[in-house]
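Printed here is protein05.cif (mmCIF, C-alpha atoms):
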data_model
loop_
_atom_site.label_atom_id
_atom_site.label_comp_id
_atom_site.auth_asym_id
_atom_site.auth_seq_id
_atom_site.Cartn_x
_atom_site.Cartn_y
_atom_site.Cartn_z
CA MET A 28 88.86 -3.08 67.08
CA LYS A 29 87.48 -0.56 69.51
CA THR A 30 86.46 2.94 68.56
CA ARG A 31 87.49 5.62 70.94
CA THR A 32 85.18 8.56 71.45
CA PHE A 33 86.39 11.94 72.50
CA ALA A 34 83.86 13.91 74.47
CA ASN A 35 83.79 17.60 75.07
CA ARG A 36 83.31 18.09 78.70
CA ASN A 37 82.18 21.70 78.23
CA GLY A 38 79.31 21.09 75.80
CA PRO A 39 78.64 19.94 72.24
CA PRO A 40 81.57 19.94 69.73
CA PRO A 41 82.12 23.26 67.93
CA GLN A 42 81.43 23.48 64.14
CA PHE A 43 84.41 23.45 61.79
CA SER A 44 84.52 27.19 61.04
CA ALA A 45 86.64 30.18 61.90
CA LEU A 46 84.62 30.80 65.04
CA GLY A 47 84.71 27.11 65.96
CA MET A 48 88.46 26.96 65.47
CA MET A 49 88.86 30.00 67.70
CA GLN A 50 86.78 28.39 70.40
CA LEU A 51 88.61 25.10 70.10
CA MET A 52 92.08 26.61 70.21
CA ALA A 53 91.37 29.14 72.96
CA PRO A 54 92.52 27.97 76.44
CA GLN A 55 89.73 26.44 78.44
CA GLY A 56 88.90 27.67 81.86
CA ARG A 57 91.01 30.85 81.67
CA PRO A 58 88.74 33.73 80.74
CA GLN A 59 91.43 36.41 80.24
CA ALA A 60 93.69 34.23 78.09
CA ARG A 61 90.69 32.96 76.16
CA ALA A 62 89.54 36.54 75.40
CA ALA A 63 93.02 37.56 74.19
CA CYS A 64 93.23 34.55 71.93
CA LEU A 65 89.81 35.22 70.45
CA GLY A 66 90.77 38.86 69.84
CA GLY A 67 93.87 37.83 67.89
CA PHE A 68 91.85 35.55 65.65
CA ALA A 69 89.38 38.39 65.03
CA VAL A 70 92.24 40.59 63.74
CA LEU A 71 93.36 37.84 61.38
CA LEU A 72 89.83 37.43 60.06
CA ALA A 73 89.61 41.20 59.39
CA LEU A 74 92.88 41.19 57.44
CA HIS A 75 91.72 38.22 55.41
CA ALA A 76 88.51 40.08 54.50
CA CYS A 77 90.40 43.07 53.00
CA GLY A 78 91.39 41.20 49.81
CA PRO A 79 87.90 40.23 48.57
CA SER A 80 86.49 43.63 49.58
CA HIS A 81 89.10 45.50 47.46
CA VAL A 82 88.34 43.32 44.45
CA ALA A 83 84.65 43.92 44.92
CA VAL A 84 85.18 47.69 44.98
CA ARG A 85 87.25 47.65 41.72
CA ALA A 86 84.58 45.60 40.00
CA LYS A 87 81.98 48.11 41.10
CA GLU A 88 84.07 51.01 39.79
CA GLU A 89 84.31 49.38 36.35
CA PRO A 90 80.70 48.69 35.41
CA ASP A 91 81.58 48.18 31.70
CA ALA A 92 83.80 45.20 32.47
CA GLY A 93 81.88 42.11 31.44
CA PRO A 94 82.58 38.51 32.19
CA PRO A 95 85.79 37.20 30.71
CA GLU A 96 85.61 35.44 27.39
CA PRO A 97 87.64 32.41 26.44
CA THR A 98 90.67 33.18 24.32
CA GLY A 99 91.07 29.85 22.67
CA GLY A 100 94.80 30.11 23.25
CA ALA A 101 97.09 27.59 24.78
CA GLY A 102 96.62 26.96 28.47
CA GLY A 103 92.84 27.51 28.39
CA MET A 104 93.07 30.84 30.26
CA THR A 105 90.64 33.67 29.67
CA THR A 106 91.04 37.38 29.00
CA PRO A 107 88.65 40.30 29.40
CA ASP A 108 88.67 40.65 25.61
CA ALA A 109 89.74 37.75 23.47
CA ALA A 110 90.82 40.03 20.61
CA ALA A 111 93.21 41.90 22.86
CA THR A 112 95.55 39.08 23.86
CA GLY A 113 97.01 37.65 20.70
CA GLY A 114 99.72 35.90 22.76
CA ALA A 115 100.43 32.31 23.54
CA GLY A 116 99.01 30.96 26.73
CA GLY A 117 96.08 33.37 26.84
CA THR A 118 97.99 36.04 28.81
CA MET A 119 95.69 38.44 30.63
CA MET A 120 95.56 42.06 29.35
CA PRO A 121 93.81 45.05 30.90
CA LYS A 122 90.47 45.75 29.25
CA ASP A 123 91.52 49.33 28.47
CA ALA A 124 94.26 48.02 26.21
CA ALA A 125 91.71 45.99 24.26
CA THR A 126 89.03 48.65 23.86
CA ASP A 127 91.05 51.84 23.31
CA PRO A 128 90.84 52.93 19.61
CA PRO A 129 94.03 52.51 17.59
CA PRO A 130 96.12 55.64 16.99
CA PRO A 131 95.29 57.50 13.75
CA ARG A 132 97.39 56.39 10.80
CA ASP A 133 98.91 58.69 8.24
CA VAL A 134 96.88 58.88 5.07
CA ALA A 135 98.97 59.06 1.92
CA PRO A 136 97.83 61.57 -0.73
CA ASP A 137 95.73 60.16 -3.54
CA MET A 138 98.26 59.76 -6.33
CA THR A 139 95.70 58.28 -8.71
CA ALA A 140 93.89 61.56 -9.30
CA PRO A 141 95.37 63.47 -12.26
CA PRO A 142 96.56 67.04 -11.79
CA PRO A 143 93.86 69.62 -12.48
CA ASP A 144 95.26 70.47 -15.88
CA MET A 145 95.28 66.77 -16.85
CA ALA A 146 91.90 65.73 -15.43
CA ALA A 147 90.36 65.88 -18.90
CA ASP A 148 91.55 66.54 -22.43
CA LYS A 149 90.80 69.96 -23.84
CA ALA A 150 87.83 70.07 -26.16
CA PRO A 151 88.87 69.89 -29.82
CA ASP A 152 87.22 73.24 -30.44
CA SER A 153 89.35 75.12 -27.93
CA GLY A 154 92.48 77.03 -28.82
CA PRO A 155 95.12 79.28 -27.27
CA GLU A 156 93.74 82.18 -25.29
CA GLY A 157 94.24 85.74 -26.39
CA GLY A 158 90.83 87.22 -27.08
CA ALA A 159 90.05 88.65 -23.65
CA GLY A 160 88.50 92.10 -23.94
CA ARG A 161 87.91 91.74 -27.69
CA THR A 162 84.61 91.39 -29.53
CA VAL A 163 83.97 89.53 -32.79
CA LEU A 164 80.91 89.98 -34.99
CA LEU A 165 80.12 86.63 -36.62
CA VAL A 166 77.91 87.24 -39.66
CA MET A 167 76.07 84.10 -40.73
CA GLY A 168 72.99 82.72 -42.39
CA TYR A 169 70.58 81.19 -39.89
CA ALA A 170 68.73 77.99 -40.61
CA PRO A 171 65.00 78.68 -40.24
CA PRO A 172 63.55 79.45 -37.78
CA LYS A 173 66.34 81.97 -37.27
CA ASP A 174 66.00 82.39 -33.52
CA ALA A 175 66.43 78.68 -32.85
CA ASN A 176 68.89 77.19 -35.31
CA VAL A 177 72.48 78.34 -35.61
CA ARG A 178 74.14 76.10 -38.16
CA PRO A 179 76.59 73.53 -36.71
CA SER A 180 79.58 74.99 -38.55
CA ASP A 181 78.83 78.49 -37.26
CA MET A 182 78.40 77.13 -33.75
CA LYS A 183 81.90 75.63 -34.03
CA LEU A 184 83.31 79.00 -35.04
CA LYS A 185 81.51 80.68 -32.15
CA THR A 186 82.66 78.07 -29.64
CA ARG A 187 86.24 78.27 -30.86
CA LEU A 188 86.31 82.04 -30.47
CA GLU A 189 84.68 82.00 -27.05
CA GLY A 190 87.09 79.28 -25.91
CA ARG A 191 89.89 81.74 -26.64
CA GLY A 192 88.29 84.52 -24.61
CA PHE A 193 86.57 86.51 -27.36
CA THR A 194 83.07 87.90 -26.92
CA VAL A 195 80.99 86.87 -29.93
CA LYS A 196 78.09 88.89 -31.34
CA LEU A 197 75.88 87.18 -33.89
CA GLY A 198 75.08 88.98 -37.10
CA ASP A 199 72.48 88.02 -39.70
CA ASP A 200 72.95 88.11 -43.43
CA ASP A 201 69.55 89.83 -43.49
CA ASP A 202 70.78 92.74 -41.36
CA PRO A 203 70.09 95.92 -43.32
CA ASP A 204 73.59 97.34 -42.84
CA SER A 205 76.92 96.91 -41.10
CA SER A 206 76.00 98.85 -37.96
CA LYS A 207 76.55 95.78 -35.73
CA ALA A 208 80.25 95.98 -36.60
CA THR A 209 80.59 99.30 -34.79
CA GLY A 210 82.72 98.92 -31.68
CA THR A 211 83.89 95.40 -32.55
CA ASP A 212 87.48 94.30 -33.09
CA LEU A 213 86.85 91.87 -35.94
CA VAL A 214 84.16 90.81 -38.42
CA ILE A 215 84.02 87.22 -39.67
CA ILE A 216 81.73 86.51 -42.61
CA SER A 217 80.78 82.83 -42.63
CA GLU A 218 80.24 80.88 -45.81
CA THR A 219 76.68 80.16 -44.64
CA VAL A 220 75.54 83.68 -45.60
CA GLY A 221 73.63 84.38 -48.77
CA ASP A 222 76.13 86.30 -50.91
CA THR A 223 73.45 88.48 -52.51
CA ARG A 224 72.07 89.36 -49.06
CA VAL A 225 75.43 90.54 -47.78
CA ALA A 226 76.93 91.89 -51.03
CA ALA A 227 79.07 94.97 -50.20
CA LYS A 228 77.64 95.76 -46.71
CA TYR A 229 81.00 95.20 -44.97
CA THR A 230 83.37 96.38 -47.71
CA MET A 231 84.08 99.75 -46.14
CA VAL A 232 83.93 98.92 -42.41
CA PRO A 233 87.04 100.30 -40.65
CA VAL A 234 87.60 97.08 -38.68
CA PRO A 235 89.42 93.92 -39.83
CA VAL A 236 87.37 91.38 -41.81
CA ILE A 237 87.90 87.67 -42.46
CA CYS A 238 85.78 86.45 -45.37
CA ALA A 239 85.24 82.73 -46.02
CA HIS A 240 82.68 83.04 -48.85
CA ASP A 241 84.40 83.07 -52.24
CA ALA A 242 81.35 84.66 -53.90
CA LEU A 243 81.91 87.75 -51.71
CA PHE A 244 85.64 88.12 -52.53
CA ASP A 245 84.87 90.46 -55.42
CA ASP A 246 82.26 92.44 -53.42
CA MET A 247 84.85 92.92 -50.67
CA LYS A 248 87.44 93.94 -53.32
CA LEU A 249 89.67 91.07 -52.25
CA THR A 250 89.79 89.86 -55.88
CA GLY A 251 88.50 90.89 -59.27
CA ASN A 252 85.14 89.76 -60.57
CA THR A 253 86.08 87.89 -63.69
CA ALA A 254 86.26 84.16 -64.29
CA GLY A 255 89.16 82.58 -62.49
CA ASP A 256 89.27 85.24 -59.75
CA HIS A 257 87.48 83.12 -57.14
CA ALA A 258 85.74 79.76 -56.76
CA THR A 259 85.86 76.58 -54.63
CA ALA A 260 87.76 73.31 -54.96
CA ASN A 261 87.32 69.96 -53.20
CA VAL A 262 90.49 69.24 -51.23
CA THR A 263 91.76 67.49 -48.11
CA GLN A 264 94.93 69.59 -47.90
CA ILE A 265 96.38 72.94 -48.87
CA VAL A 266 99.97 73.97 -49.60
CA ILE A 267 101.65 76.50 -47.31
CA THR A 268 104.17 78.53 -49.32
CA ASP A 269 105.13 81.27 -46.84
CA MET A 270 105.66 79.78 -43.40
CA ASN A 271 107.39 82.94 -42.16
CA HIS A 272 104.18 84.96 -42.19
CA PRO A 273 101.99 84.81 -39.03
CA LEU A 274 99.03 83.65 -41.14
CA ALA A 275 100.88 80.35 -41.75
CA ALA A 276 100.82 79.35 -38.03
CA GLY A 277 104.40 78.09 -38.43
CA ILE A 278 103.35 75.35 -40.88
CA MET A 279 105.13 74.65 -44.18
CA GLY A 280 104.35 72.51 -47.21
CA SER A 281 101.32 70.33 -47.95
CA VAL A 282 99.14 70.03 -44.85
CA PRO A 283 95.88 68.11 -44.38
CA VAL A 284 93.13 70.42 -43.13
CA ALA A 285 90.18 67.99 -43.12
CA GLY A 286 89.49 64.29 -42.74
CA GLY A 287 88.12 64.03 -46.27
CA ALA A 288 87.77 66.10 -49.41
CA GLN A 289 85.67 69.20 -48.75
CA ALA A 290 84.95 72.40 -50.63
CA ALA A 291 87.56 75.11 -49.99
CA SER A 292 87.18 78.76 -50.98
CA TRP A 293 90.02 80.26 -53.01
CA GLY A 294 90.78 83.59 -54.70
CA ASN A 295 93.31 85.19 -57.01
CA PRO A 296 94.25 88.36 -55.09
CA ALA A 297 96.18 91.46 -56.15
CA ALA A 298 99.96 91.48 -56.16
CA THR A 299 100.03 93.46 -52.88
CA ALA A 300 98.45 90.60 -50.94
CA HIS A 301 100.31 88.30 -48.57
CA LYS A 302 100.02 84.95 -50.36
CA ILE A 303 100.16 82.22 -47.74
CA ALA A 304 98.63 78.99 -49.04
CA ASN A 305 97.20 77.68 -52.28
CA ILE A 306 95.13 74.81 -53.61
CA PRO A 307 97.46 71.89 -54.54
CA ASN A 308 98.95 72.32 -58.02
CA GLN A 309 97.21 75.69 -58.45
CA ALA A 310 99.63 78.50 -57.58
CA THR A 311 97.13 81.28 -58.38
CA HIS A 312 94.27 79.74 -56.40
CA LEU A 313 95.00 81.11 -52.94
CA ALA A 314 93.32 79.37 -50.00
CA ILE A 315 94.76 81.88 -47.49
CA PHE A 316 95.78 85.44 -48.33
CA GLY A 317 95.68 88.81 -46.58
CA TYR A 318 96.03 92.56 -47.02
CA ASP A 319 97.54 95.04 -44.61
CA LYS A 320 95.56 98.15 -43.76
CA GLY A 321 96.00 100.67 -46.61
CA ALA A 322 97.26 98.08 -49.11
CA MET A 323 95.74 98.40 -52.57
CA MET A 324 93.26 95.61 -53.17
CA SER A 325 91.23 95.29 -56.36
CA GLY A 326 90.48 98.98 -56.88
CA LEU A 327 90.27 99.90 -53.15
CA ALA A 328 92.77 100.65 -50.39
CA ALA A 329 92.00 98.31 -47.52
CA PRO A 330 90.14 100.24 -44.75
CA ALA A 331 91.61 97.74 -42.26
CA LYS A 332 93.19 94.32 -42.46
CA ARG A 333 91.45 91.87 -44.78
CA VAL A 334 91.79 88.07 -45.00
CA GLY A 335 90.49 85.58 -47.56
CA PHE A 336 90.08 82.20 -45.85
CA PHE A 337 89.31 78.73 -47.24
CA ALA A 338 86.89 77.34 -44.59
CA THR A 339 83.50 76.80 -46.23
CA GLU A 340 80.55 75.43 -44.24
CA THR A 341 81.37 71.79 -45.01
CA MET A 342 85.09 72.36 -44.46
CA THR A 343 84.45 73.93 -41.04
CA ASP A 344 82.31 70.94 -40.06
CA SER A 345 85.19 68.51 -40.70
CA MET A 346 88.26 70.68 -40.12
CA ASN A 347 91.14 69.04 -38.23
CA ASP A 348 93.67 70.54 -35.80
CA ASN A 349 95.76 71.99 -38.62
CA GLY A 350 92.75 73.80 -40.02
CA TRP A 351 91.85 75.24 -36.63
CA LYS A 352 95.43 76.38 -36.02
CA LEU A 353 95.30 78.26 -39.32
CA PHE A 354 91.95 79.78 -38.34
CA ASP A 355 93.41 80.94 -35.00
CA ALA A 356 96.38 82.43 -36.85
CA ALA A 357 94.06 84.34 -39.20
CA VAL A 358 92.12 85.78 -36.25
CA ASP A 359 95.28 86.72 -34.36
CA TRP A 360 96.87 88.44 -37.33
CA ALA A 361 93.67 90.31 -38.21
CA VAL A 362 93.26 91.80 -34.71
CA SER A 363 96.96 92.56 -34.21
CA PRO A 364 98.11 96.19 -34.61
#
This structure in structure tokens:
Amino acid sequence: MKTRTFANRNGPPPQFSALGMMQLMAPQGRPQARAACLGGFAVLLALHACGPSHVAVRAKEEPDAGPPEPTGGAGGMTTPDAAATGGAGGTMMPKDAATDPPPPRDVAPDMTAPPPDMAADKAPDSGPEGGAGRTVLLVMGYAPPKDANVRPSDMKLKTRLEGRGFTVKLGDDDDPDSSKATGTDLVIISETVGDTRVAAKYTMVPVPVICAHDALFDDMKLTGNTAGDHATANVTQIVITDMNHPLAAGIMGSVPVAGGAQAASWGNPAATAHKIANIPNQATHLAIFGYDKGAMMSGLAAPAKRVGFFATETMTDSMNDNGWKLFDAAVDWAVSP
């Protein structure tokens, strides 16, 4: 079999390229036609170059666009950001759609936080407000050294009063007189005082007095001074007999006032007294009683309201909610007009 060779009479064969194709296809031996043909091919080459140039310009304008990453989806195609596709077949998505932050979501209010008034239980030594603008003189016996140690039971009384809005002044059973009571709205004589140190210092003060020390009942003219007029008894409850009086705090019948048996002050007051509560099974042993201003006590018209109250030092230390309600009621009644 013979091999035929084609020779180019005008020179060596052109290379297989755009320019070579133009030379090969251009008419030979006709300069004007050849020039026109070459010009047409040049226009086609310029149009073909526009596509790659445009792509190159867009890539330059987006310097943050990195190389595409494989999506792992069906079809083996790639996306600018694999996390942005999420579709079958690895569908291409613009990079902006992948990198733009998600729109802000609505945040529901925190329903687990309790309302402000339920965030914490009230302290057990707090009570209803009502003492704003009023001052109480709390007369007590300090534990030595006096400037450092207020007895726990007296601190509870002080905290209770302050929790209700009262301003509390501290008095000492060693004070020489009752001058600290001047300008106050109420005097409370704690059972921690020494009865011989206080004696009759506060008997004539023209402000209301609550006395919790049975040994001072006779000095204050709340009771007589004979046997059976005052003492203490160990009890866990007292018996409310007049629930209609404000001193009863709306309670009626036998009511526990402490978690265990504690000493309770009691007195046998004059007939003019409001008799509110007594020691169980002892009708004449009054745990709570009171006199109106001007009422005849034991040989003295009351200079202001007077209250005999059961809460000794040990009772105050262990008093329950009922006991504190009765204490609040005694304070409220004493300072009321």
| request: Name the residues captured by the PyMOL selection byres ((chain A and resi 280) around 10) when it is applied to the shown file; answer as a ChimeraX atom specification. | output: /A:264-270,278-279,281-283,304
| task | Might you spell out which residues the PyMOL selection byres ((chain A and resi 192) around 8) would select in the displayed file, as a ChimeraX atom specification? | result | /A:156-161,188-191,193-194
Since we have the selection now, will you write its residues out, keeping C-alpha atoms, as a CSV table (one decimal), in the frame of the given file?
chain,number,residue,atom,x,y,z
A,156,GLU,CA,93.7,82.2,-25.3
A,157,GLY,CA,94.2,85.7,-26.4
A,158,GLY,CA,90.8,87.2,-27.1
A,159,ALA,CA,90.0,88.6,-23.6
A,160,GLY,CA,88.5,92.1,-23.9
A,161,ARG,CA,87.9,91.7,-27.7
A,188,LEU,CA,86.3,82.0,-30.5
A,189,GLU,CA,84.7,82.0,-27.0
A,190,GLY,CA,87.1,79.3,-25.9
A,191,ARG,CA,89.9,81.7,-26.6
A,193,PHE,CA,86.6,86.5,-27.4
A,194,THR,CA,83.1,87.9,-26.9
Please write as a PDB file with C-alpha atoms, in the coordinates of the input the full residue list that the PyMOL selection byres ((chain A and resi 261) around 8) yields on this file.
ATOM      1  CA  THR A 259      85.860  76.580 -54.630  1.00  0.00           C
ATOM      2  CA  ALA A 260      87.760  73.310 -54.960  1.00  0.00           C
ATOM      3  CA  VAL A 262      90.490  69.240 -51.230  1.00  0.00           C
ATOM      4  CA  THR A 263      91.760  67.490 -48.110  1.00  0.00           C
ATOM      5  CA  ALA A 288      87.770  66.100 -49.410  1.00  0.00           C
ATOM      6  CA  GLN A 289      85.670  69.200 -48.750  1.00  0.00           C
ATOM      7  CA  ALA A 290      84.950  72.400 -50.630  1.00  0.00           C
ATOM      8  CA  ALA A 291      87.560  75.110 -49.990  1.00  0.00           C
TER       9      ALA A 291
END
| request: Could you tell me how far CA of Ala356 (chain A) lies from CA of Ala275 (chain A), in Å and to one decimal? | output: 7.0 Å
Please identify all polymer residues within 12 Å of Pro235 (chain A), counting only C-alpha atoms, omitting same-chain residues fewer than 4 positions from it, and present them as a CSV table (one decimal) with C-alpha atoms, in the coordinates of the input.
chain,number,residue,atom,x,y,z
A,162,THR,CA,84.6,91.4,-29.5
A,163,VAL,CA,84.0,89.5,-32.8
A,164,LEU,CA,80.9,90.0,-35.0
A,208,ALA,CA,80.2,96.0,-36.6
A,209,THR,CA,80.6,99.3,-34.8
A,210,GLY,CA,82.7,98.9,-31.7
A,211,THR,CA,83.9,95.4,-32.6
A,212,ASP,CA,87.5,94.3,-33.1
A,213,LEU,CA,86.8,91.9,-35.9
A,214,VAL,CA,84.2,90.8,-38.4
A,215,ILE,CA,84.0,87.2,-39.7
A,216,ILE,CA,81.7,86.5,-42.6
A,229,TYR,CA,81.0,95.2,-45.0
A,230,THR,CA,83.4,96.4,-47.7
A,231,MET,CA,84.1,99.8,-46.1
A,247,MET,CA,84.8,92.9,-50.7
A,317,GLY,CA,95.7,88.8,-46.6
A,318,TYR,CA,96.0,92.6,-47.0
A,319,ASP,CA,97.5,95.0,-44.6
A,320,LYS,CA,95.6,98.2,-43.8
A,321,GLY,CA,96.0,100.7,-46.6
A,329,ALA,CA,92.0,98.3,-47.5
A,330,PRO,CA,90.1,100.2,-44.8
A,331,ALA,CA,91.6,97.7,-42.3
A,332,LYS,CA,93.2,94.3,-42.5
A,333,ARG,CA,91.4,91.9,-44.8
A,334,VAL,CA,91.8,88.1,-45.0
A,335,GLY,CA,90.5,85.6,-47.6
A,357,ALA,CA,94.1,84.3,-39.2
A,358,VAL,CA,92.1,85.8,-36.2
A,359,ASP,CA,95.3,86.7,-34.4
A,360,TRP,CA,96.9,88.4,-37.3
A,361,ALA,CA,93.7,90.3,-38.2
A,362,VAL,CA,93.3,91.8,-34.7
A,363,SER,CA,97.0,92.6,-34.2
A,364,PRO,CA,98.1,96.2,-34.6
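CA of Val232 (chain A) is positioned 23.8 Å from CA of Arg187 (chain A).
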| task | Can you pull out every residue within 10 Å of Asp201 (chain A), counting only C-alpha atoms, but drop anything in the same chain fewer than 3 positions away, and send it as an NGL selection string? | result | :A and (166-169 or 198 or 204 or 220-221 or 223-225)
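Relative to CA of Lys207 (chain A), CA of Thr219 (chain A) is found at 18.0 Å.
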| Pick from A:Met342, A:Ala242, A:Asp348, A:Ala322 nearest to Asp181 (chain A), counting all atoms listed in the file | A:Met342
| said: Could you check which residues have any atom within 12 Å of (86.8, 79.7, -52.1), counting all atoms listed in the file with coordinates taken straight from the file, and then list them as a ChimeraX atom specification? | reply: /A:217-218,238-245,249-250,255-262,289-296,305-306,312-316,335-342
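Distance annotation: of A:Ser206, A:Thr253, A:Gln309, A:Asn176, the residue with the minimal separation from Ser325 (chain A) is A:Thr253; atom set is only C-alpha atoms.
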